[in-house]
Amino acid sequence: MTRALRLIRRRLIGSIAVLLIVIIGTFLLLEAAPGDAVDAYVVSVGGDASMIEELRRRWGLDQSAATRFAIYISSLARLDLGHSVAFSRPNLDVILERLPNTLLLMGSATALSFCLGTFLGIVAGSRPGSFRDRFLSIGSLALYAVPGFWLGLVLVVVFSVQLRWLPLGGIETIASGKTGAARALDMARHLVLPVASLGVIYLALYLRMMRAGMAEVWRMDFVLAARARGIARRRIVLRHVARNALLPLVTMLGLQSAAMLGGSVVIESVFSVPGLGRLAQEAVASRDTPLLLGIILVSAVLVILVNLAVDLLYAALDPRVGSSGEAA
Amino acid sequence: MIALRRFLRTPEAVAGALILAALLAMALSASWFFPRDPQSIAGPALLRPFQDWTLPLGTDRLGRDVLAGLFHGARTSLAVGLAAAAGAILIGAVVGTLAGFAGGVADEILMRITDAFQTVPGFLLALAFVSVAGPSLATVIVAITLGAWTGPARIARAEVLSIRERDYVAGARVIGMHPLEIVFREILPNALPPVLALSSVIVAAAILTEAALSFLGLGDPNRVTWGGMIAEGRAVLRSAPYLSIIPGVALVLTVLGVYLAGEGLVETSAARRMNA
Amino acid sequence: MTTRLSINNLGVRYRRDGQEVEALKQVDLDVEAGECLGVIGESGSGKSTLALAIAGLLPGGTKIDGRIAWPGLGHAPLNGRDIGFVFQDPSASLNPVLTVGEQVAEVARTHLALTWREAFGLATDLLSRVRLPDPEAAARAYPHQLSGGQKQRVAIAAAIAARPSLLIADEATSALDTIVQAEIVALIRRLVAEDGMSLLFISHDIALAAQLADRIAVFRHGRLLETGETGELLRSPAHPYTRSLIEASLVSVEGE
């Protein structure tokens, strides 16, 4: 267990530095944006020129850039991400309200793409060079080229407009009064198309990685050794080859979390899912830069947490992690 | 010549090369075939494809020629994809090489910055950058570059770490070459091939990001883009789905072409290395 | 003495870089029950190809002529069940992400119709037979937590788990340092004697093979040059190449 703790500590130290750089970045973007917090406040609340002066002085916006940065950092430390003009509410409240929908969407898409991608990757990689291997390889390359938002539109045309099997968008039927299992089923129906649109590119990615990884592991000596010990082919494929080929996919799971958050912006817009991504687009549309930067900060924290979890998962799957140095 | 012949031996690579050649031809001939502004009205609104041979792919809600949009859109896609990928590879190679060669604190700082850029979703960063700087072809290119240089930087750094201990670098040190000269004359050229092997993935990702940005209305408003055309068609998705589907197919084929050609190139160079 | 394994006119050819390579040519060789046969040759002599051919582990597309017969077995030999195989590099021949206990137990489970619990119990016994200190803890260890010699002991335990009648050791001690090498040779000698196995001991080192082998077969360029009872062969080699091998190994022993 100390191995995991050491890993967490090292990760956390690195993460703090990374988060600080992200904060500097968002501060620079905030400074570059036209207008400042007072302009935004006045637009939403109203006020005259003398009040604007007064507010600027009170919020330290007439100070040097260094002081402004200190003020920015200290308000972030108090979990104050500023005030949203577009929503007339604190940014953090708006963001946290939308976060669960995005987590649901991303979690489902990740689970789907990882499980199905790994499975199909094993199917392809268990017999390198076979027909099914080539078929899955080319098929996954084609899927890998499909932009998720366009796939979403095509799926809507087919399944919502033509066949009328699935809803057009949203996260659940509005004011349906459904509770419990009925509500969960309703949400699941709404999630099918967005999850498929968001996940398909990653499904192709994991399939291709698994296939390539297995091709590499097949050539390793311990696979030949397992065959020399007469281990059944099925067990060699799953327990020896796939088990080792899975490791780089787990790493990719963490790396892709940021990309998937980005992808959910467009997917949520296509399907009107009230999540973080759609909020980002709304923030852009209403020129609410502080809200957009708040979303970026929350996303960065989310990505850091996901990577931490992935690191722990990796350490659980690969006994060699974190033991170099003490074993030697 | 041998490399070209080997490249052409794999059917996937040939298909990729053909698609890219067609795309390039479309981009270059756009103003010749369709000299009129593709955003101008060319005929009746919502003309279906294959009805009128002067407007073979039909028209959109405002009566704009879909085929002309496709040709001019190819220009934007290709320009943004190539420029952003080139920028990303250049920045990534320079940052990665400097980090790997300098080591110590400089390496630590550069890699934490790389981490930070990988932690922030690239598409959100692009969104923020375009919304602050205003949408234009240049800002879109910069915005995509911002999210794409980290991959090349990591690979370049790893490569440099393995190169810097080799004999010819030590030799350059012994004869008293300036460190920066060593970096850019001896190390960078050798660290580049594995970075370039990644270029097809970066170009494809850049084209897809550009499409997504313009789909959200953040593309250059004065240019036709495939993403913008898909978004345009969305308003009439029920009655005229072809308006969204056609530019999407062009997008898929383009990205597929880039991947296929890229895989062919990587395989060709791998085969060459093995025979060398 | 009964014949355990009989090789007749064995030839192995495979393609590499578009050229056909003849790895073995017209090899005739018998291994008797309970016999230790040393197979000697330099790299490229075909001695490892012989081992892989016996175990049916040659890569697909390899052309094999001749016959490998198992008189008295009554069925086609099963890897692990009838043949135990120990490879050169113990670091590479164990799966890095599975415990060594599991890797020994899976052999027992595959061939002896045991439950996992029984198989793990047997694995612990086997690890103690190959003299790993604290076999209970060793069974739960991963390969990277063991030394090279310990890993080779694990690989040997996995090879003998189903009590095969033939043990093939392909350069099994070459990756180890001299002291560990001697320990592993002693271990193999003891296990072969205890279980009544036949041993095919493949090595480039004729002096090392002579410590174990009742009989020695010398390979060069894919051909079997000569075979003979160990003492006989060392005293009066029929082939000048064998003599040069013996002299070279004597020089290196004196040099140490």
# chains A, B, ... in the order shown; residues from 1 in each chain; ligands from 1
$ closest_atom_pairs --of "chain A" --to "chain B" --cutoff "7 Å" --atoms "only C-alpha atoms" --output "Markdown table"
| residue | atom | partner | partner_atom | distance |
| --- | --- | --- | --- | --- |
| A:Ala17 | CA | B:Arg112 | CA | 6.9 |
| A:Val18 | CA | B:Ala116 | CA | 4.9 |
| A:Leu19 | CA | B:Ala116 | CA | 6.9 |
| A:Ile21 | CA | B:Ala116 | CA | 6.2 |
| A:Val22 | CA | B:Ala116 | CA | 5.8 |
| A:Ala32 | CA | B:Val132 | CA | 6.9 |
| A:Ala33 | CA | B:Val132 | CA | 5.1 |
| A:Ala142 | CA | B:Leu256 | CA | 6.3 |
| A:Ala145 | CA | B:Leu256 | CA | 5.3 |
| A:Val146 | CA | B:Val252 | CA | 5.3 |
| A:Pro147 | CA | B:Leu208 | CA | 6.4 |
| A:Trp150 | CA | B:Gly248 | CA | 6.2 |
| A:Val157 | CA | B:Arg238 | CA | 7.0 |
| A:Val161 | CA | B:Arg238 | CA | 6.5 |
| A:Ala258 | CA | B:Pro121 | CA | 4.4 |
| A:Ala259 | CA | B:Pro121 | CA | 5.5 |
| A:Leu261 | CA | B:Pro121 | CA | 6.2 |
| A:Gly262 | CA | B:Phe123 | CA | 4.7 |
| A:Val266 | CA | B:Ala212 | CA | 6.8 |
| A:Val284 | CA | B:Ser131 | CA | 6.1 |
| A:Leu292 | CA | B:Ala128 | CA | 6.8 |
| A:Ile296 | CA | B:Val120 | CA | 6.5 |
| A:Ser299 | CA | B:Val120 | CA | 6.7 |
| A:Ala300 | CA | B:Val120 | CA | 5.0 |
| A:Val303 | CA | B:Thr119 | CA | 6.0 |
| A:Ile304 | CA | B:Thr119 | CA | 6.8 |
$ closest_atom_pairs --of "chain C" --to "chain A" --cutoff "6 Å" --atoms "only C-alpha atoms" --output "Markdown table"
| residue | atom | partner | partner_atom | distance |
| --- | --- | --- | --- | --- |
| C:Asn79 | CA | A:Gly230 | CA | 4.5 |
| C:Gly80 | CA | A:Arg229 | CA | 4.0 |
| C:Ala92 | CA | A:Asp221 | CA | 5.5 |
| C:Ser93 | CA | A:Phe222 | CA | 4.0 |
| C:Leu94 | CA | A:Phe222 | CA | 5.1 |
| C:Asn95 | CA | A:Phe222 | CA | 5.5 |
| C:Val97 | CA | A:Asp318 | CA | 5.8 |
$ residues_around --residues "segment 238-247 of chain C" --least-positions-apart "3" --cutoff "10 Å" --atoms "only C-alpha atoms" --output "list in words"
Ile40, Gly41, Glu42, His204, Asp205, Ile206, Ala207, Ala217, Val218, Phe219, Arg220, Leu225, Glu226, Thr227, Gly228, Glu232, Leu233, Leu234, Arg235, Leu250, Val251, Ser252 and Val253 of chain C
$ residues_around --residues "Val180 of chain C" --least-positions-apart "3" --cutoff "12 Å" --atoms "only C-alpha atoms" --output "JSON, numbers by chain"
{"C": [147, 148, 149, 150, 151, 152, 153, 172, 173, 174, 175, 176, 177, 183, 184, 185, 186, 187]}
$ write_last_selection --atoms "N, CA and C atoms" --output "compact mmCIF listing (two decimals), in the first residue's frame"
# COMPACT_ATOMS: atom_id res chain seq x y z
N SER C 147 15.80 -12.70 -8.20
CA SER C 147 17.06 -12.61 -8.92
C SER C 147 17.01 -13.52 -10.15
N GLY C 148 18.00 -13.38 -11.02
CA GLY C 148 18.05 -14.18 -12.23
C GLY C 148 18.03 -15.68 -11.93
N GLY C 149 18.85 -16.09 -10.96
CA GLY C 149 18.90 -17.50 -10.60
C GLY C 149 17.58 -17.99 -10.03
N GLN C 150 16.95 -17.14 -9.20
CA GLN C 150 15.64 -17.52 -8.62
C GLN C 150 14.60 -17.66 -9.72
N LYS C 151 14.65 -16.73 -10.70
CA LYS C 151 13.68 -16.81 -11.79
C LYS C 151 13.86 -18.10 -12.58
N GLN C 152 15.14 -18.50 -12.78
CA GLN C 152 15.36 -19.73 -13.53
C GLN C 152 14.86 -20.93 -12.73
N ARG C 153 14.95 -20.87 -11.41
CA ARG C 153 14.38 -21.94 -10.58
C ARG C 153 12.87 -22.01 -10.78
N ALA C 172 20.03 -23.09 -20.66
CA ALA C 172 19.29 -22.65 -19.48
C ALA C 172 20.16 -21.94 -18.46
N THR C 173 21.47 -22.06 -18.58
CA THR C 173 22.33 -21.42 -17.57
C THR C 173 23.21 -20.34 -18.18
N SER C 174 23.05 -20.08 -19.47
CA SER C 174 23.99 -19.18 -20.15
C SER C 174 23.85 -17.73 -19.73
N ALA C 175 22.62 -17.35 -19.27
CA ALA C 175 22.42 -15.95 -18.91
C ALA C 175 22.80 -15.68 -17.46
N LEU C 176 23.30 -16.72 -16.76
CA LEU C 176 23.56 -16.57 -15.33
C LEU C 176 25.06 -16.51 -15.06
N ASP C 177 25.43 -15.94 -13.91
CA ASP C 177 26.87 -15.91 -13.62
C ASP C 177 27.33 -17.28 -13.13
N GLU C 183 24.90 -23.85 -9.48
CA GLU C 183 23.75 -24.23 -8.64
C GLU C 183 22.61 -24.78 -9.49
N ILE C 184 22.36 -24.11 -10.63
CA ILE C 184 21.25 -24.54 -11.48
C ILE C 184 21.56 -25.90 -12.10
N VAL C 185 22.82 -26.09 -12.51
CA VAL C 185 23.20 -27.39 -13.06
C VAL C 185 22.99 -28.49 -12.02
N ALA C 186 23.38 -28.21 -10.78
CA ALA C 186 23.19 -29.19 -9.71
C ALA C 186 21.71 -29.47 -9.49
N LEU C 187 20.90 -28.42 -9.56
CA LEU C 187 19.45 -28.57 -9.37
C LEU C 187 18.86 -29.45 -10.47
$ select_by_dssp --residues "segment 114-193 of chain C" --states "strand (DSSP E)" --output "count of residues only"
5
$ atom_distance --atom1 "atom CA of Arg67 of chain C" --atom2 "atom CA of Leu29 of chain C"
10.6 Å
$ residues_around --residues "segment 126-135 of chain C" --least-positions-apart "6" --cutoff "9 Å" --atoms "only C-alpha atoms" --output "list in words"
Gly101, Val104, Gln150, Arg153, Val154, Ile156, Ala157, Ala158, Ile160, Ala161, Leu187, Ile188 and Leu191 of chain C
$ residues_around --residues "segment 17-30 of chain B" --least-positions-apart "3" --cutoff "12 Å" --atoms "only C-alpha atoms" --output "ChimeraX atom specification"
/B:4,7-14,33-38,67-79,82,200,204,224-225,250-265
$ write_last_selection --atoms "N, CA and C atoms" --output "short mmCIF file (atom, residue, chain, number, x, y, z; two decimals), in the first residue's frame"
data_model
loop_
_atom_site.label_atom_id
_atom_site.label_comp_id
_atom_site.auth_asym_id
_atom_site.auth_seq_id
_atom_site.Cartn_x
_atom_site.Cartn_y
_atom_site.Cartn_z
N LEU B 4 9.18 5.14 -53.21
CA LEU B 4 7.88 5.44 -53.81
C LEU B 4 7.21 4.15 -54.27
N PHE B 7 5.96 2.33 -51.36
CA PHE B 7 4.79 3.02 -50.83
C PHE B 7 3.56 2.64 -51.64
N LEU B 8 3.73 2.58 -52.98
CA LEU B 8 2.58 2.33 -53.84
C LEU B 8 2.16 0.86 -53.83
N ARG B 9 2.97 0.01 -53.18
CA ARG B 9 2.64 -1.41 -53.17
C ARG B 9 1.48 -1.71 -52.21
N THR B 10 1.33 -0.91 -51.15
CA THR B 10 0.24 -1.18 -50.22
C THR B 10 -1.03 -0.47 -50.71
N PRO B 11 -2.12 -1.23 -50.88
CA PRO B 11 -3.35 -0.65 -51.43
C PRO B 11 -3.89 0.49 -50.56
N GLU B 12 -3.75 0.37 -49.22
CA GLU B 12 -4.26 1.41 -48.34
C GLU B 12 -3.56 2.74 -48.62
N ALA B 13 -2.23 2.68 -48.76
CA ALA B 13 -1.47 3.89 -48.99
C ALA B 13 -1.86 4.54 -50.31
N VAL B 14 -2.08 3.69 -51.34
CA VAL B 14 -2.48 4.23 -52.65
C VAL B 14 -3.82 4.94 -52.53
N PHE B 33 -12.81 26.63 -61.03
CA PHE B 33 -14.11 26.04 -61.33
C PHE B 33 -15.26 26.92 -60.83
N PHE B 34 -15.06 27.51 -59.67
CA PHE B 34 -16.13 28.29 -59.03
C PHE B 34 -15.63 29.68 -58.69
N PRO B 35 -15.47 30.51 -59.73
CA PRO B 35 -14.88 31.83 -59.52
C PRO B 35 -15.77 32.73 -58.66
N ARG B 36 -17.09 32.45 -58.64
CA ARG B 36 -17.98 33.30 -57.84
C ARG B 36 -17.77 33.05 -56.36
N ASP B 37 -18.11 34.03 -55.54
CA ASP B 37 -18.06 33.87 -54.10
C ASP B 37 -18.96 32.69 -53.71
N PRO B 38 -18.39 31.66 -53.07
CA PRO B 38 -19.21 30.48 -52.72
C PRO B 38 -20.33 30.84 -51.72
N LEU B 67 -21.69 22.22 -54.09
CA LEU B 67 -20.42 21.73 -54.65
C LEU B 67 -19.35 22.82 -54.58
N ALA B 68 -19.74 24.06 -54.86
CA ALA B 68 -18.77 25.16 -54.76
C ALA B 68 -18.28 25.29 -53.33
N GLY B 69 -19.22 25.15 -52.36
CA GLY B 69 -18.83 25.19 -50.96
C GLY B 69 -17.85 24.09 -50.62
N LEU B 70 -18.10 22.90 -51.18
CA LEU B 70 -17.21 21.76 -50.94
C LEU B 70 -15.79 22.07 -51.42
N PHE B 71 -15.70 22.64 -52.64
CA PHE B 71 -14.39 22.95 -53.21
C PHE B 71 -13.68 24.01 -52.37
N HIS B 72 -14.39 25.10 -52.07
CA HIS B 72 -13.75 26.16 -51.30
C HIS B 72 -13.47 25.72 -49.87
N GLY B 73 -14.35 24.86 -49.33
CA GLY B 73 -14.14 24.34 -47.98
C GLY B 73 -12.88 23.48 -47.90
N ALA B 74 -12.60 22.74 -48.98
CA ALA B 74 -11.39 21.92 -49.02
C ALA B 74 -10.16 22.79 -48.79
N ARG B 75 -10.20 23.99 -49.36
CA ARG B 75 -9.12 24.94 -49.20
C ARG B 75 -8.88 25.25 -47.72
N THR B 76 -9.97 25.63 -47.03
CA THR B 76 -9.86 25.99 -45.62
C THR B 76 -9.36 24.81 -44.80
N SER B 77 -9.99 23.64 -45.03
CA SER B 77 -9.60 22.46 -44.26
C SER B 77 -8.13 22.16 -44.42
N LEU B 78 -7.68 22.16 -45.67
CA LEU B 78 -6.30 21.80 -45.96
C LEU B 78 -5.35 22.85 -45.38
N ALA B 79 -5.69 24.13 -45.61
CA ALA B 79 -4.82 25.21 -45.14
C ALA B 79 -4.68 25.16 -43.62
N LEU B 82 -2.86 21.79 -42.43
CA LEU B 82 -1.42 21.76 -42.65
C LEU B 82 -0.69 22.81 -41.83
N SER B 200 0.76 12.64 -39.56
CA SER B 200 -0.56 12.38 -40.15
C SER B 200 -1.64 12.46 -39.09
N ALA B 204 -4.67 15.19 -39.20
CA ALA B 204 -6.06 14.73 -39.13
C ALA B 204 -6.78 15.38 -37.95
N VAL B 224 -15.81 29.75 -46.43
CA VAL B 224 -16.67 28.56 -46.37
C VAL B 224 -15.87 27.45 -45.70
N THR B 225 -16.46 26.80 -44.73
CA THR B 225 -15.83 25.64 -44.11
C THR B 225 -16.82 24.50 -44.09
N ALA B 250 -17.24 14.40 -47.04
CA ALA B 250 -15.97 14.96 -47.52
C ALA B 250 -14.94 14.98 -46.39
N LEU B 251 -15.41 15.37 -45.21
CA LEU B 251 -14.54 15.44 -44.04
C LEU B 251 -13.98 14.06 -43.68
N VAL B 252 -14.89 13.07 -43.65
CA VAL B 252 -14.46 11.70 -43.29
C VAL B 252 -13.44 11.19 -44.30
N LEU B 253 -13.73 11.39 -45.59
CA LEU B 253 -12.80 10.91 -46.62
C LEU B 253 -11.44 11.58 -46.49
N THR B 254 -11.45 12.88 -46.23
CA THR B 254 -10.20 13.62 -46.09
C THR B 254 -9.36 13.06 -44.95
N VAL B 255 -9.99 12.93 -43.79
CA VAL B 255 -9.25 12.44 -42.62
C VAL B 255 -8.76 11.02 -42.86
N LEU B 256 -9.63 10.20 -43.47
CA LEU B 256 -9.24 8.83 -43.79
C LEU B 256 -8.04 8.83 -44.73
N GLY B 257 -8.08 9.71 -45.74
CA GLY B 257 -6.97 9.80 -46.69
C GLY B 257 -5.67 10.14 -45.98
N VAL B 258 -5.74 11.11 -45.04
CA VAL B 258 -4.54 11.50 -44.30
C VAL B 258 -4.00 10.31 -43.50
N TYR B 259 -4.89 9.59 -42.80
CA TYR B 259 -4.44 8.43 -42.01
C TYR B 259 -3.80 7.37 -42.89
N LEU B 260 -4.50 7.03 -43.98
CA LEU B 260 -4.02 5.94 -44.84
C LEU B 260 -2.66 6.29 -45.43
N ALA B 261 -2.53 7.51 -45.96
CA ALA B 261 -1.26 7.92 -46.54
C ALA B 261 -0.18 7.94 -45.45
N GLY B 262 -0.55 8.41 -44.27
CA GLY B 262 0.41 8.46 -43.16
C GLY B 262 0.89 7.07 -42.79
N GLU B 263 -0.04 6.12 -42.67
CA GLU B 263 0.35 4.75 -42.33
C GLU B 263 1.26 4.18 -43.40
N GLY B 264 0.93 4.46 -44.66
CA GLY B 264 1.76 3.99 -45.76
C GLY B 264 3.18 4.53 -45.65
N LEU B 265 3.28 5.84 -45.34
CA LEU B 265 4.60 6.47 -45.22
C LEU B 265 5.40 5.85 -44.09
#
$ closest_atom_pairs --of "segment 71-180 of chain C" --to "segment 2-24 of chain C" --cutoff "12 Å" --atoms "only C-alpha atoms" --output "JSON lines"
{"residue": "C:Pro71", "atom": "CA", "partner": "C:Arg4", "partner_atom": "CA", "distance": 6.1}
{"residue": "C:Gly72", "atom": "CA", "partner": "C:Arg4", "partner_atom": "CA", "distance": 7.3}
{"residue": "C:Leu73", "atom": "CA", "partner": "C:Arg4", "partner_atom": "CA", "distance": 8.0}
{"residue": "C:Gly74", "atom": "CA", "partner": "C:Arg4", "partner_atom": "CA", "distance": 11.4}
{"residue": "C:Ala76", "atom": "CA", "partner": "C:Leu5", "partner_atom": "CA", "distance": 11.6}
{"residue": "C:Pro77", "atom": "CA", "partner": "C:Leu5", "partner_atom": "CA", "distance": 10.1}
{"residue": "C:Asp82", "atom": "CA", "partner": "C:Arg4", "partner_atom": "CA", "distance": 10.6}
{"residue": "C:Ile83", "atom": "CA", "partner": "C:Leu5", "partner_atom": "CA", "distance": 10.8}
{"residue": "C:Pro164", "atom": "CA", "partner": "C:Arg4", "partner_atom": "CA", "distance": 11.5}
{"residue": "C:Ser165", "atom": "CA", "partner": "C:Arg4", "partner_atom": "CA", "distance": 8.1}
{"residue": "C:Leu166", "atom": "CA", "partner": "C:Arg4", "partner_atom": "CA", "distance": 8.1}
{"residue": "C:Leu167", "atom": "CA", "partner": "C:Arg4", "partner_atom": "CA", "distance": 11.6}
$ residues_around --residues "Gly219 of chain B" --least-positions-apart "5" --cutoff "8 Å" --atoms "only C-alpha atoms" --output "PyMOL selection string"
chain B and resi 135-137+140+210+213-214+225+228
$ atom_distance --atom1 "atom CA of Gly16 of chain B" --atom2 "atom CA of Leu141 of chain A"
11.8 Å
$ select_by_dssp --residues "segment 105-246 of chain C" --states "helix (DSSP H, G or I)" --output "JSON, numbers by chain"
{"C": [105, 106, 107, 108, 109, 110, 111, 112, 116, 117, 118, 119, 120, 121, 122, 123, 124, 125, 126, 127, 128, 129, 135, 136, 137, 138, 139, 140, 143, 144, 145, 148, 149, 150, 151, 152, 153, 154, 155, 156, 157, 158, 159, 160, 178, 179, 180, 181, 182, 183, 184, 185, 186, 187, 188, 189, 190, 191, 192, 193, 194, 195, 206, 207, 208, 209, 210, 211, 212, 230, 231, 232, 233, 234, 235, 240, 241, 242, 243, 244, 245, 246]}
$ closest_residue --among "A:Val192, A:Ala65, A:Leu293, A:Leu96" --to "Ala109 of chain A" --atoms "only C-alpha atoms"
A:Val192
